[in-house]
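Report on the following structure.
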Amino acid sequence: MKRRLITVILFAVLAAAGSSTMLFKLISSNTPRPVTAATSTVLVAAHDLTPGALIGEADVREAQWPITEGSPWLAKRQDVVGRGLMTPIQKDEPFAESRLAAKGAGAGLASRIPPGMRAIAVHVDELTGLSRFILAGMHVDVISTATSAQGMVSRTILQNVEVFSTGQDIGRDSKDKPVGMPVFNLLVTPQDAEVLSQAVAQARIELVLRNPLDKLNFQPTQVAAARVPAAHLPKAPSAPKPAAVTPPPPVIVPVAQQPPTVEVIHGIKRTVNTVSAAGDPEPKQ
């Protein structure tokens, strides 16, 4: 009896093991195997590189990188060395054609300017506006404020302008002391560069930061300085009226009456006599 029970248990264990093995093989055959991406030798940055840098031999090295159809990575040194860098590249990051300046364009800020565009510098007062929050790559509107016959007038002259780069310049304040002035290089068309240059020479310029997802421009209008109607202006306190001054009465000075005189002429002798109250003349001269 015990031998029979052991045989049944052993058969059940073998059957379960066999079915589990068959099920595992069936599942494994239907599971797709991971495909290993093909790699190729490309040029990567030997260290961190900043925009505007001129790439040299020491800045690149070869490395294996996954390659897919349409990969933009460059593999030839003559396609990388001697060209300016337009965007930052981290260490061990491959080079792409879209991140390099054109051949012969050199390095620096000028090599990063797209064809047909211009970079123009704008000085902004650090104490006003959003100068501390504006960074390269952001988009701004340019507002011009000038004095006209209507008073102070503000107008948006450029919209959705890209900030190409930022910097610091040294200027002088009203007391002729050196002060730091933020400088923003804006990426504009040649026509917009003329408009902005004229506005800088004649008016006060201010940059207005905008949302990078906001691409909608509006029709600019002139905004004159607000003028409060005269009826709403506070009345200045009026000065008290001076008290009426009565002129003093005229002083009458009595004039002494001269007594009557009698003039007597005898030949060449002339005599004036005063007539007294009694009627007798008194000789005067």
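Each chain in the structure tokens gets a letter, A, B, ..., in the order shown, and its residues are numbered from 1; ligands are numbered from 1 in order too.
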message: I need the residues of range 72-181 of chain A that end up classed as strand (DSSP E) by DSSP on the backbone, written out as a PyMOL selection string.
response: chain A and resi 118-123+139-148+151-172+178-181
message: Set the distance at 9 Å and use only C-alpha atoms: which residues neighbour Met86 in chain A once local chain neighbours fewer than 5 positions away are removed? I'd like the list as a PyMOL selection string.
response: chain A and resi 50-53+98-101+107-109+111-113
Restricting the output to N, CA and C atoms, write the selected residues as an mmCIF file, in the first residue's frame.
```
data_model
loop_
_atom_site.group_PDB
_atom_site.id
_atom_site.type_symbol
_atom_site.label_atom_id
_atom_site.label_comp_id
_atom_site.auth_asym_id
_atom_site.auth_seq_id
_atom_site.Cartn_x
_atom_site.Cartn_y
_atom_site.Cartn_z
ATOM 1 N N THR A 50 31.471 75.908 -24.058
ATOM 2 C CA THR A 50 30.510 77.009 -23.972
ATOM 3 C C THR A 50 30.216 77.567 -25.359
ATOM 4 N N PRO A 51 29.064 78.222 -25.539
ATOM 5 C CA PRO A 51 28.740 78.813 -26.844
ATOM 6 C C PRO A 51 29.768 79.857 -27.257
ATOM 7 N N GLY A 52 30.080 79.888 -28.546
ATOM 8 C CA GLY A 52 31.052 80.827 -29.079
ATOM 9 C C GLY A 52 32.469 80.308 -29.085
ATOM 10 N N ALA A 53 32.733 79.142 -28.467
ATOM 11 C CA ALA A 53 34.095 78.605 -28.417
ATOM 12 C C ALA A 53 34.499 78.063 -29.778
ATOM 13 N N SER A 98 23.781 70.908 -36.572
ATOM 14 C CA SER A 98 22.914 72.033 -36.200
ATOM 15 C C SER A 98 23.455 72.835 -35.021
ATOM 16 N N ARG A 99 24.435 72.305 -34.301
ATOM 17 C CA ARG A 99 24.966 72.995 -33.125
ATOM 18 C C ARG A 99 26.290 73.687 -33.410
ATOM 19 N N LEU A 100 26.724 73.661 -34.660
ATOM 20 C CA LEU A 100 27.986 74.271 -35.032
ATOM 21 C C LEU A 100 27.738 75.417 -35.996
ATOM 22 N N ALA A 101 28.598 76.439 -35.914
ATOM 23 C CA ALA A 101 28.523 77.551 -36.863
ATOM 24 C C ALA A 101 29.014 77.090 -38.230
ATOM 25 N N ALA A 107 34.677 82.069 -34.552
ATOM 26 C CA ALA A 107 34.087 81.844 -33.229
ATOM 27 C C ALA A 107 33.560 83.151 -32.668
ATOM 28 N N GLY A 108 33.103 83.110 -31.434
ATOM 29 C CA GLY A 108 32.592 84.298 -30.796
ATOM 30 C C GLY A 108 31.117 84.516 -31.062
ATOM 31 N N LEU A 109 30.656 85.715 -30.667
ATOM 32 C CA LEU A 109 29.241 86.038 -30.770
ATOM 33 C C LEU A 109 28.769 86.118 -32.222
ATOM 34 N N SER A 111 29.622 84.511 -34.859
ATOM 35 C CA SER A 111 29.435 83.240 -35.541
ATOM 36 C C SER A 111 28.100 82.592 -35.211
ATOM 37 N N ARG A 112 27.468 83.027 -34.146
ATOM 38 C CA ARG A 112 26.206 82.430 -33.724
ATOM 39 C C ARG A 112 24.989 83.150 -34.293
ATOM 40 N N ILE A 113 25.198 84.275 -34.965
ATOM 41 C CA ILE A 113 24.071 85.021 -35.520
ATOM 42 C C ILE A 113 23.550 84.303 -36.762
#
```
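Closest approach to Ala75 in chain A from the set A:Val140, A:Ala105, A:Val44, A:Met22 is made by A:Val44, with distances taken over only C-alpha atoms.
CA of Asn160 in chain A is positioned 7.4 Å from CA of Asn217 in chain A.
Nearest to Ile55 in chain A of all the residues A:Gly18, A:Val8, A:Pro115, A:Gly106 is A:Gly106, counting only C-alpha atoms.
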field: Atomic distance CA of Ala38 in chain A - CA of Ser71 in chain A, expressed in Å with one decimal
entry: 11.7 Å
